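J.: File follows, coords.pdb with PDB, C-alpha atoms:
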MODEL        1
ATOM      1  CA  MET A   1      -7.162   5.522  -0.013
ATOM      2  CA  SER A   2      -5.356   3.195   2.378
ATOM      3  CA  HIS A   3      -2.739   4.436   4.799
ATOM      4  CA  PRO A   4       0.852   4.535   3.518
ATOM      5  CA  PRO A   5       3.513   2.027   4.597
ATOM      6  CA  PHE A   6       4.941   3.087   7.950
ATOM      7  CA  SER A   7       7.552   1.814  10.393
ATOM      8  CA  PRO A   8       6.886   2.687  14.063
ATOM      9  CA  THR A   9      10.439   1.616  14.921
ATOM     10  CA  GLN A  10      12.027   3.931  12.368
ATOM     11  CA  ALA A  11       9.796   6.822  13.438
ATOM     12  CA  ARG A  12      10.797   6.494  17.066
ATOM     13  CA  ALA A  13      14.476   6.083  16.150
ATOM     14  CA  ALA A  14      14.348   9.212  13.978
ATOM     15  CA  ARG A  15      12.789  11.253  16.807
ATOM     16  CA  LEU A  16      15.280  10.064  19.389
ATOM     17  CA  ARG A  17      18.143  10.654  16.980
ATOM     18  CA  ILE A  18      17.481  14.400  16.983
ATOM     19  CA  GLY A  19      16.416  14.505  20.635
ATOM     20  CA  LEU A  20      12.822  15.696  20.278
ATOM     21  CA  ILE A  21       9.927  14.952  22.600
ATOM     22  CA  PRO A  22       6.433  14.351  21.133
ATOM     23  CA  GLU A  23       5.307  17.862  22.053
ATOM     24  CA  GLN A  24       8.114  19.336  19.976
ATOM     25  CA  VAL A  25       7.309  17.058  17.049
ATOM     26  CA  VAL A  26       3.644  18.100  16.894
ATOM     27  CA  ALA A  27       4.641  21.742  17.284
ATOM     28  CA  SER A  28       6.785  21.442  14.144
ATOM     29  CA  MET A  29       4.000  19.608  12.348
ATOM     30  CA  ALA A  30       1.552  22.364  13.287
ATOM     31  CA  GLN A  31       3.779  24.898  11.519
ATOM     32  CA  LEU A  32       3.258  22.810   8.389
ATOM     33  CA  GLY A  33      -0.511  22.968   8.808
ATOM     34  CA  VAL A  34      -0.975  19.501  10.330
ATOM     35  CA  ARG A  35      -2.182  19.832  13.911
ATOM     36  CA  ARG A  36      -2.173  16.711  16.057
ATOM     37  CA  PRO A  37      -1.842  16.077  19.822
ATOM     38  CA  PRO A  38       1.388  14.589  21.255
ATOM     39  CA  GLU A  39      -0.534  11.360  21.855
ATOM     40  CA  ALA A  40      -0.712  10.880  18.087
ATOM     41  CA  VAL A  41       3.075  10.641  17.852
ATOM     42  CA  LEU A  42       3.133   8.051  20.631
ATOM     43  CA  ALA A  43       0.362   6.077  18.922
ATOM     44  CA  TRP A  44       2.278   6.048  15.627
ATOM     45  CA  GLU A  45       5.446   4.898  17.364
ATOM     46  CA  ALA A  46       3.539   2.201  19.244
ATOM     47  CA  GLY A  47       2.045   0.927  15.987
ATOM     48  CA  THR A  48      -1.544   1.250  17.195
ATOM     49  CA  VAL A  49      -2.324   3.938  14.602
ATOM     50  CA  THR A  50      -0.845   4.535  11.155
ATOM     51  CA  PRO A  51      -0.404   8.124   9.959
ATOM     52  CA  SER A  52      -2.196   9.375   6.866
ATOM     53  CA  GLU A  53      -0.218  10.648   3.873
ATOM     54  CA  ALA A  54      -0.454  14.253   5.095
ATOM     55  CA  GLU A  55       0.644  13.218   8.579
ATOM     56  CA  LEU A  56       3.516  11.150   7.167
ATOM     57  CA  PHE A  57       4.789  14.076   5.099
ATOM     58  CA  ALA A  58       4.602  16.485   8.030
ATOM     59  CA  LEU A  59       6.198  13.981  10.399
ATOM     60  CA  ALA A  60       9.090  13.407   8.007
ATOM     61  CA  ASP A  61       9.729  17.157   7.807
ATOM     62  CA  ALA A  62       9.451  17.551  11.587
ATOM     63  CA  LEU A  63      11.967  14.754  12.115
ATOM     64  CA  TRP A  64      14.274  15.883   9.300
ATOM     65  CA  CYS A  65      13.898  12.409   7.919
ATOM     66  CA  PRO A  66      13.295  11.176   4.330
ATOM     67  CA  VAL A  67       9.863   9.629   3.839
ATOM     68  CA  PRO A  68      11.300   6.283   2.589
ATOM     69  CA  VAL A  69      13.083   5.896   5.929
ATOM     70  CA  LEU A  70       9.795   6.221   7.793
ATOM     71  CA  MET A  71       8.224   3.757   5.354
ATOM     72  CA  ALA A  72      11.195   1.402   5.909
ATOM     73  CA  LEU A  73      11.455   0.501   2.232
ATOM     74  CA  GLN A  74      12.946   1.476  -1.078
ATOM     75  CA  PRO A  75      10.163   2.907  -3.270
ATOM     76  CA  ARG A  76       9.167   0.480  -6.000
ATOM     77  CA  SER A  77       5.460   0.924  -6.660
ATOM     78  CA  LEU A  78       3.972   4.031  -8.270
ATOM     79  CA  ARG A  79       2.399   5.145  -5.004
ATOM     80  CA  GLU A  80       5.594   4.610  -3.024
ATOM     81  CA  HIS A  81       7.596   6.699  -5.498
ATOM     82  CA  ARG A  82       5.016   9.471  -5.147
ATOM     83  CA  LEU A  83       5.104   9.265  -1.353
ATOM     84  CA  ALA A  84       8.896   9.407  -1.418
ATOM     85  CA  ARG A  85       8.610  12.715  -3.285
ATOM     86  CA  GLN A  86       6.176  13.984  -0.625
ATOM     87  CA  VAL A  87       3.535  14.956  -3.145
ATOM     88  CA  THR A  88      -0.190  14.289  -2.982
ATOM     89  CA  ALA A  89      -2.042  12.448  -5.724
ATOM     90  CA  GLU A  90      -4.001  15.632  -6.459
ATOM     91  CA  ARG A  91      -0.902  17.774  -6.956
ATOM     92  CA  LEU A  92       0.831  15.149  -9.063
ATOM     93  CA  ALA A  93      -2.227  14.663 -11.270
ATOM     94  CA  LEU A  94      -2.411  18.427 -11.816
ATOM     95  CA  ARG A  95       1.285  18.576 -12.666
ATOM     96  CA  ILE A  96       1.024  15.928 -15.374
ATOM     97  CA  GLY A  97      -2.322  17.136 -16.718
ATOM     98  CA  MET A  98      -4.390  14.127 -15.702
ATOM     99  CA  ASP A  99      -7.769  13.885 -13.995
ATOM    100  CA  VAL A 100      -7.112  13.099 -10.338
ATOM    101  CA  HIS A 101      -9.581  10.190 -10.351
ATOM    102  CA  ASP A 102      -7.829   8.637 -13.337
ATOM    103  CA  TYR A 103      -4.470   8.989 -11.625
ATOM    104  CA  ALA A 104      -5.770   7.496  -8.371
ATOM    105  CA  ARG A 105      -7.169   4.583 -10.360
ATOM    106  CA  ALA A 106      -3.741   4.001 -11.921
ATOM    107  CA  GLU A 107      -2.179   3.730  -8.454
ATOM    108  CA  ASN A 108      -4.914   1.490  -7.111
ATOM    109  CA  ASP A 109      -5.208  -0.800 -10.145
ATOM    110  CA  HIS A 110      -1.485  -0.761 -11.028
ATOM    111  CA  GLN A 111      -2.438  -0.016 -14.627
ATOM    112  CA  TRP A 112      -1.180   3.067 -16.429
ATOM    113  CA  ARG A 113      -3.370   4.499 -19.173
ATOM    114  CA  GLY A 114      -1.759   7.912 -19.488
ATOM    115  CA  THR A 115      -0.648   9.472 -22.750
ATOM    116  CA  ASP A 116       2.998   9.482 -23.814
ATOM    117  CA  ARG A 117       3.304  13.084 -22.625
ATOM    118  CA  GLN A 118       1.738  12.273 -19.251
ATOM    119  CA  THR A 119       4.067   9.311 -18.894
ATOM    120  CA  LEU A 120       7.131  11.461 -19.507
ATOM    121  CA  LEU A 121       5.881  14.169 -17.136
ATOM    122  CA  LEU A 122       5.133  11.592 -14.450
ATOM    123  CA  ALA A 123       8.539   9.963 -14.765
ATOM    124  CA  ASP A 124      10.171  13.391 -14.501
ATOM    125  CA  ALA A 125       8.074  14.325 -11.460
ATOM    126  CA  LEU A 126       9.038  11.098  -9.710
ATOM    127  CA  GLY A 127      12.682  11.264 -10.728
ATOM    128  CA  ILE A 128      12.704   7.957 -12.596
ATOM    129  CA  GLU A 129      13.085   6.880 -16.218
ATOM    130  CA  ALA A 130       9.924   6.401 -18.270
ATOM    131  CA  GLU A 131      10.920   2.794 -19.015
ATOM    132  CA  GLU A 132      11.326   2.124 -15.302
ATOM    133  CA  LEU A 133       7.925   3.655 -14.623
ATOM    134  CA  LEU A 134       6.255   1.333 -17.118
ATOM    135  CA  ARG A 135       8.149  -1.646 -15.704
ATOM    136  CA  ILE A 136       6.937  -0.800 -12.196
ATOM    137  CA  ILE A 137       3.323  -0.570 -13.271
ATOM    138  CA  GLY A 138       3.468  -3.673 -15.436
ATOM    139  CA  ARG A 139       5.100  -5.844 -12.799
ATOM    140  CA  ALA A 140       2.632  -4.769 -10.144
ATOM    141  CA  GLY A 141      -0.248  -5.568 -12.486
ATOM    142  CA  GLU A 142       1.138  -9.035 -13.142
ATOM    143  CA  LEU A 143       1.464  -9.591  -9.402
ATOM    144  CA  ASP A 144      -2.162  -8.623  -8.800
ATOM    145  CA  GLY A 145      -3.364 -10.963 -11.530
ATOM    146  CA  LEU A 146      -1.418 -13.983 -10.280
ATOM    147  CA  LEU A 147      -2.470 -13.436  -6.684
ATOM    148  CA  ARG A 148      -6.127 -13.142  -7.608
ATOM    149  CA  GLN A 149      -5.940 -16.439  -9.493
ATOM    150  CA  ALA A 150      -4.072 -18.083  -6.614
ATOM    151  CA  VAL A 151      -6.569 -17.208  -3.888
ATOM    152  CA  GLU A 152      -9.552 -18.089  -6.060
ATOM    153  CA  GLY A 153      -8.169 -21.422  -7.292
ATOM    154  CA  ARG A 154      -5.362 -23.903  -6.615
ATOM    155  CA  TRP A 155      -2.736 -21.738  -4.983
ATOM    156  CA  LYS A 156       0.154 -24.233  -5.052
ATOM    157  CA  GLN A 157       0.659 -23.960  -8.808
ATOM    158  CA  TYR A 158       1.328 -20.221  -8.442
ATOM    159  CA  THR A 159       4.096 -20.612  -5.876
ATOM    160  CA  ALA A 160       7.004 -20.836  -8.318
ATOM    161  CA  PRO A 161       5.836 -18.036 -10.684
ATOM    162  CA  LEU A 162       5.223 -15.657  -7.788
ATOM    163  CA  ALA A 163       8.546 -16.551  -6.156
ATOM    164  CA  ARG A 164      10.336 -15.662  -9.400
ATOM    165  CA  LEU A 165       8.334 -12.476  -9.813
ATOM    166  CA  VAL A 166       9.073 -11.041  -6.364
ATOM    167  CA  GLY A 167      12.449 -12.721  -5.812
ATOM    168  CA  ALA A 168      11.489 -14.562  -2.633
ATOM    169  CA  PRO A 169      12.111 -18.172  -1.503
ATOM    170  CA  GLU A 170       9.368 -20.549  -2.631
ATOM    171  CA  ARG A 171       8.877 -21.756   0.941
ATOM    172  CA  ARG A 172       8.013 -18.257   2.133
ATOM    173  CA  VAL A 173       5.766 -17.606  -0.853
ATOM    174  CA  ALA A 174       3.953 -20.902  -0.291
ATOM    175  CA  GLN A 175       3.291 -19.997   3.339
ATOM    176  CA  ALA A 176       1.945 -16.604   2.294
ATOM    177  CA  LEU A 177      -0.314 -18.085  -0.384
ATOM    178  CA  ARG A 178      -1.663 -20.712   1.996
ATOM    179  CA  THR A 179      -2.603 -18.000   4.479
ATOM    180  CA  LEU A 180      -4.202 -15.816   1.806
ATOM    181  CA  HIS A 181      -6.139 -18.737   0.354
ATOM    182  CA  GLN A 182      -7.514 -19.565   3.807
ATOM    183  CA  GLU A 183      -8.463 -15.941   4.439
ATOM    184  CA  TYR A 184     -10.273 -15.712   1.100
ATOM    185  CA  ALA A 185     -12.061 -19.010   1.715
ATOM    186  CA  GLY A 186     -13.146 -17.635   5.083
ATOM    187  CA  PHE A 187     -14.927 -14.742   3.393
ATOM    188  CA  ASN A 188     -16.760 -17.116   1.073
ATOM    189  CA  GLU A 189     -17.753 -19.451   3.908
ATOM    190  CA  ARG A 190     -19.136 -16.564   5.944
ATOM    191  CA  TYR A 191     -21.046 -15.216   2.978
ATOM    192  CA  MET A 192     -22.561 -18.574   2.065
ATOM    193  CA  GLY A 193     -23.370 -19.292   5.701
ATOM    194  CA  HIS A 194     -25.347 -16.089   6.028
ATOM    195  CA  LEU A 195     -26.937 -16.677   2.621
ATOM    196  CA  VAL A 196     -28.165 -20.129   3.660
ATOM    197  CA  ALA A 197     -29.356 -18.736   6.972
ATOM    198  CA  ARG A 198     -31.206 -16.045   5.028
ATOM    199  CA  SER A 199     -29.535 -13.232   6.904
ATOM    200  CA  ASP A 200     -30.611  -9.705   6.139
ATOM    201  CA  HIS A 201     -29.222  -8.022   3.027
ATOM    202  CA  ALA A 202     -27.205  -5.528   5.069
ATOM    203  CA  ARG A 203     -25.119  -8.311   6.636
ATOM    204  CA  LEU A 204     -24.412  -9.912   3.249
ATOM    205  CA  LYS A 205     -23.413  -6.536   1.841
ATOM    206  CA  GLU A 206     -21.089  -5.959   4.807
ATOM    207  CA  ILE A 207     -19.250  -9.240   4.190
ATOM    208  CA  ALA A 208     -19.015  -8.520   0.462
ATOM    209  CA  THR A 209     -17.557  -5.094   1.238
ATOM    210  CA  GLU A 210     -14.988  -6.610   3.601
ATOM    211  CA  ARG A 211     -13.939  -9.081   0.919
ATOM    212  CA  ALA A 212     -13.647  -6.333  -1.699
ATOM    213  CA  ARG A 213     -11.478  -4.291   0.664
ATOM    214  CA  TRP A 214      -9.319  -7.341   1.346
ATOM    215  CA  LEU A 215      -8.879  -8.018  -2.373
ATOM    216  CA  HIS A 216      -7.955  -4.376  -2.964
ATOM    217  CA  ALA A 217      -5.071  -4.728  -0.497
ATOM    218  CA  LEU A 218      -4.133  -8.258  -1.638
ATOM    219  CA  SER A 219      -0.722  -7.365  -3.091
ATOM    220  CA  ASP A 220       0.353  -5.441  -0.005
ATOM    221  CA  ARG A 221      -0.851  -8.280   2.233
ATOM    222  CA  PHE A 222       1.072 -10.839   0.184
ATOM    223  CA  LEU A 223       4.289  -8.799   0.163
ATOM    224  CA  HIS A 224       4.040  -8.347   3.932
ATOM    225  CA  LEU A 225       3.614 -12.090   4.475
ATOM    226  CA  ALA A 226       6.262 -13.114   1.970
ATOM    227  CA  GLY A 227       8.937 -10.955   3.560
ATOM    228  CA  PRO A 228      10.503  -7.487   3.686
ATOM    229  CA  ASP A 229      12.502  -7.771   0.451
ATOM    230  CA  THR A 230       9.707  -8.687  -1.943
ATOM    231  CA  ARG A 231       8.072  -5.365  -2.850
ATOM    232  CA  PRO A 232       7.692  -5.001  -6.636
TER     233      PRO A 232
ENDMDL
END
Written as structure tokens, that's how I'd like the structure from this file.
T.:
Amino acid sequence: MSHPPFSPTQARAARLRIGLIPEQVVASMAQLGVRRPPEAVLAWEAGTVTPSEAELFALADALWCPVPVLMALQPRSLREHRLARQVTAERLALRIGMDVHDYARAENDHQWRGTDRQTLLLADALGIEAEELLRIIGRAGELDGLLRQAVEGRWKQYTAPLARLVGAPERRVAQALRTLHQEYAGFNERYMGHLVARSDHARLKEIATERARWLHALSDRFLHLAGPDTRP
């Protein structure tokens, strides 16, 4: 699973606000079972390393700071609502009676296939209405679908629909789509270039894996490029 959203600026501000040095922060984190050196705190604040979910939860507790503040966003996606509640995917899946792999797939694919009972339990665990939960999942799925079509085809025709969907100016959305389309084309050019050159299978597989990873994070990449107020 990818690293959670994280704001180095907010993390540093939260630490300075309560007057702790990195050594004190990691000491508090160690009491929560997460042992890291002081250099880790400095790396997170510098933005050179992003904390894992476990590290984010422990850091938030050590800094007496809500997780959404450290993520610098209002939770809107299923994963972000879970992170805001400081609960792991495994614990949440157990709580709602769902296989952890099925739950993880729901977060990753933005498609909810749980039963009515699981839906109600999940909404309760996250502190949101069931209707809002379904809206979150559905909107994220629509976003993924439109973005995939945009990068694989003529991106300009998707500018207006995506701008309406995420509530961002068309100019900013167009810039984001242009960048994403170029990045996706770059993967294809590299793959075809190595294919024509008859590169070894391992190199082709490496490029294909990079492209798959990029596509998996496509929505997050788009929302980052389109602006800070566009998360579904």
J.: So which residues touch Gln149 (chain A) within 12 Å, counting all atoms listed in the file, skipping near sequence neighbours fewer than 2 positions away, as a list in words?
T.: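 So the residues in contact are Glu142, Leu143, Asp144, Gly145, Leu146, Leu147, Val151, Glu152, Gly153, Arg154, Trp155, Lys156, Gln157, Tyr158, Thr159, Pro161, Leu162, Leu177, Leu180, His181, Tyr184, Leu215 and Leu218 of chain A.
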J.: So the first atom is CA of Pro22 (chain A) and the second is CA of Val87 (chain A); what is the distance between them in Å, to one decimal place?
T.: 24.5 Å
J.: Compile the contact shell of Ala106 (chain A) as a list in words: residues with an atom at most 12 Å away, counting all atoms listed in the file, same-chain residues fewer than 4 positions apart removed.
T.: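 What passes the distance filter is Ser77, Leu78, Arg79, Ala89, Ala93, Met98, Asp99, Val100, His101, Asp102, His110, Gln111, Trp112, Arg113, Gly114, Thr119, Leu122, Leu133, Leu134, Ile136, Ile137, Gly138, Ala140 and Gly141 of chain A.
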J.: Mind pulling up the distance from CA of Leu63 (chain A) to CA of Gly19 (chain A)?
T.: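 For CA of Gly19 (chain A) relative to CA of Leu63 (chain A), the distance reads 9.6 Å.
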J.: Report the distance between CA of Ala150 (chain A) and CA of Ala163 (chain A) in Å, rounded to one decimal place.
T.: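 Going from CA of Ala150 (chain A) over to CA of Ala163 (chain A) covers 12.7 Å.
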J.: Once 3 Å is added on each side, what are the centre and the three edge lengths, in Å to one decimal, of the axis-aligned box enclosing the listed atoms of region 47-64 of chain A? Present them as AutoDock Vina command-line options.
T.:
--center_x 6.0 --center_y 9.2 --center_z 10.5 --size_x 22.6 --size_y 22.6 --size_z 19.3
J.: With distances taken over only C-alpha atoms, which residue among A:Ala123, A:Leu225, A:Ala202, A:Ala14 lies nearest Gln175 (chain A)?
T.: A:Leu225
J.: Can you pull out every residue within 10 Å of region 26-37 of chain A, counting all atoms listed in the file, but drop anything in the same chain fewer than 5 positions away, and send it as a list in words?
T.: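 Contacts, in chain order: Ile21, Leu42, Ala54, Glu55, Leu56, Phe57, Ala58, Leu59, Ala60, Asp61, Ala62 and Leu63 of chain A.
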J.: Can you write out the residues you just picked, keeping C-alpha atoms, as a PDB file, in the coordinates of the input?
T.:
ATOM      1  CA  ILE A  21       9.927  14.952  22.600  1.00  0.00           C
ATOM      2  CA  LEU A  42       3.133   8.051  20.631  1.00  0.00           C
ATOM      3  CA  ALA A  54      -0.454  14.253   5.095  1.00  0.00           C
ATOM      4  CA  GLU A  55       0.644  13.218   8.579  1.00  0.00           C
ATOM      5  CA  LEU A  56       3.516  11.150   7.167  1.00  0.00           C
ATOM      6  CA  PHE A  57       4.789  14.076   5.099  1.00  0.00           C
ATOM      7  CA  ALA A  58       4.602  16.485   8.030  1.00  0.00           C
ATOM      8  CA  LEU A  59       6.198  13.981  10.399  1.00  0.00           C
ATOM      9  CA  ALA A  60       9.090  13.407   8.007  1.00  0.00           C
ATOM     10  CA  ASP A  61       9.729  17.157   7.807  1.00  0.00           C
ATOM     11  CA  ALA A  62       9.451  17.551  11.587  1.00  0.00           C
ATOM     12  CA  LEU A  63      11.967  14.754  12.115  1.00  0.00           C
TER      13      LEU A  63
END
J.: Which polymer residues have any atom within 12 Å of an atom of Pro75 (chain A), counting all atoms listed in the file, with same-chain residues fewer than 3 positions away left out, as a VMD selection string?
T.: chain A and resid 4 to 5 66 to 72 78 to 85 126 to 128 133 136 229 to 232
J.: Taking (7.1, 2.6, 19.7) in the coordinates of the supplied file, I want to know which residues reach to within 10 Å of it, counting all atoms listed in the file; could you give the answer as a ChimeraX atom specification?
T.: /A:7-13,41-48
J.: Write the residues of the selection above to a file with C-alpha atoms, as a compact mmCIF listing (two decimals), in the frame of the given file.
T.:
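Saved the output as again-v3.txt:
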# COMPACT_ATOMS: atom_id res chain seq x y z
CA SER A 7 7.55 1.81 10.39
CA PRO A 8 6.89 2.69 14.06
CA THR A 9 10.44 1.62 14.92
CA GLN A 10 12.03 3.93 12.37
CA ALA A 11 9.80 6.82 13.44
CA ARG A 12 10.80 6.49 17.07
CA ALA A 13 14.48 6.08 16.15
CA VAL A 41 3.08 10.64 17.85
CA LEU A 42 3.13 8.05 20.63
CA ALA A 43 0.36 6.08 18.92
CA TRP A 44 2.28 6.05 15.63
CA GLU A 45 5.45 4.90 17.36
CA ALA A 46 3.54 2.20 19.24
CA GLY A 47 2.04 0.93 15.99
CA THR A 48 -1.54 1.25 17.20
J.: Given the choices A:Arg91, A:Arg148, A:Arg211, A:Arg15, which gets closest to Gly186 (chain A) if the distance is worked out from all atoms listed in the file?
T.: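 For Gly186 (chain A), the nearest of the candidates is A:Arg211.
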J.: Rank nothing, just name the residue among A:Gln24, A:Thr179, A:Gln74, A:Gln86 nearest to Arg221 (chain A), using all atoms listed in the file.
T.: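 Closest to Arg221 (chain A) of all the choices is A:Thr179.
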J.: N, CA, C and O atoms for region 24-43 of chain A, written as a short mmCIF file (atom, residue, chain, number, x, y, z; two decimals), keeping the file's coordinate frame, could you do that?
T.:
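Once everything was written out, this is selection.cif:
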data_model
loop_
_atom_site.label_atom_id
_atom_site.label_comp_id
_atom_site.auth_asym_id
_atom_site.auth_seq_id
_atom_site.Cartn_x
_atom_site.Cartn_y
_atom_site.Cartn_z
N GLN A 24 7.35 18.55 20.94
CA GLN A 24 8.11 19.34 19.98
C GLN A 24 7.83 18.88 18.54
O GLN A 24 7.80 19.70 17.62
N VAL A 25 7.61 17.59 18.38
CA VAL A 25 7.31 17.06 17.05
C VAL A 25 5.99 17.64 16.53
O VAL A 25 5.91 18.13 15.40
N VAL A 26 4.95 17.60 17.35
CA VAL A 26 3.64 18.10 16.89
C VAL A 26 3.66 19.61 16.71
O VAL A 26 2.92 20.15 15.89
N ALA A 27 4.52 20.29 17.47
CA ALA A 27 4.64 21.74 17.28
C ALA A 27 5.21 22.05 15.90
O ALA A 27 4.75 22.97 15.20
N SER A 28 6.21 21.26 15.48
CA SER A 28 6.78 21.44 14.14
C SER A 28 5.79 21.07 13.07
O SER A 28 5.69 21.74 12.03
N MET A 29 5.02 20.03 13.31
CA MET A 29 4.00 19.61 12.35
C MET A 29 2.92 20.67 12.20
O MET A 29 2.41 20.91 11.11
N ALA A 30 2.59 21.32 13.31
CA ALA A 30 1.55 22.36 13.29
C ALA A 30 1.98 23.52 12.40
O ALA A 30 1.15 24.15 11.72
N GLN A 31 3.27 23.82 12.37
CA GLN A 31 3.78 24.90 11.52
C GLN A 31 3.61 24.56 10.04
O GLN A 31 3.61 25.44 9.19
N LEU A 32 3.46 23.26 9.77
CA LEU A 32 3.26 22.81 8.39
C LEU A 32 1.78 22.65 8.07
O LEU A 32 1.41 22.17 7.00
N GLY A 33 0.93 23.03 9.03
CA GLY A 33 -0.51 22.97 8.81
C GLY A 33 -1.17 21.68 9.23
O GLY A 33 -2.36 21.47 8.98
N VAL A 34 -0.41 20.78 9.86
CA VAL A 34 -0.98 19.50 10.33
C VAL A 34 -0.95 19.52 11.85
O VAL A 34 0.12 19.37 12.46
N ARG A 35 -2.10 19.71 12.46
CA ARG A 35 -2.18 19.83 13.91
C ARG A 35 -2.68 18.53 14.54
O ARG A 35 -3.79 18.08 14.25
N ARG A 36 -1.83 17.94 15.37
CA ARG A 36 -2.17 16.71 16.06
C ARG A 36 -1.69 16.80 17.51
O ARG A 36 -0.71 17.52 17.80
N PRO A 37 -2.30 16.07 18.43
CA PRO A 37 -1.84 16.08 19.82
C PRO A 37 -0.59 15.21 19.97
O PRO A 37 -0.33 14.34 19.13
N PRO A 38 0.18 15.42 21.03
CA PRO A 38 1.39 14.59 21.26
C PRO A 38 1.07 13.10 21.31
O PRO A 38 1.90 12.27 20.93
N GLU A 39 -0.15 12.78 21.76
CA GLU A 39 -0.53 11.36 21.86
C GLU A 39 -0.53 10.67 20.49
O GLU A 39 -0.33 9.46 20.40
N ALA A 40 -0.72 11.46 19.43
CA ALA A 40 -0.71 10.88 18.09
C ALA A 40 0.67 10.34 17.74
O ALA A 40 0.80 9.25 17.16
N VAL A 41 1.70 11.08 18.11
CA VAL A 41 3.08 10.64 17.85
C VAL A 41 3.35 9.34 18.59
O VAL A 41 3.93 8.40 18.03
N LEU A 42 2.93 9.26 19.84
CA LEU A 42 3.13 8.05 20.63
C LEU A 42 2.37 6.88 20.05
O LEU A 42 2.86 5.74 20.05
N ALA A 43 1.17 7.14 19.52
CA ALA A 43 0.36 6.08 18.92
C ALA A 43 1.02 5.56 17.64
O ALA A 43 1.03 4.36 17.37
#
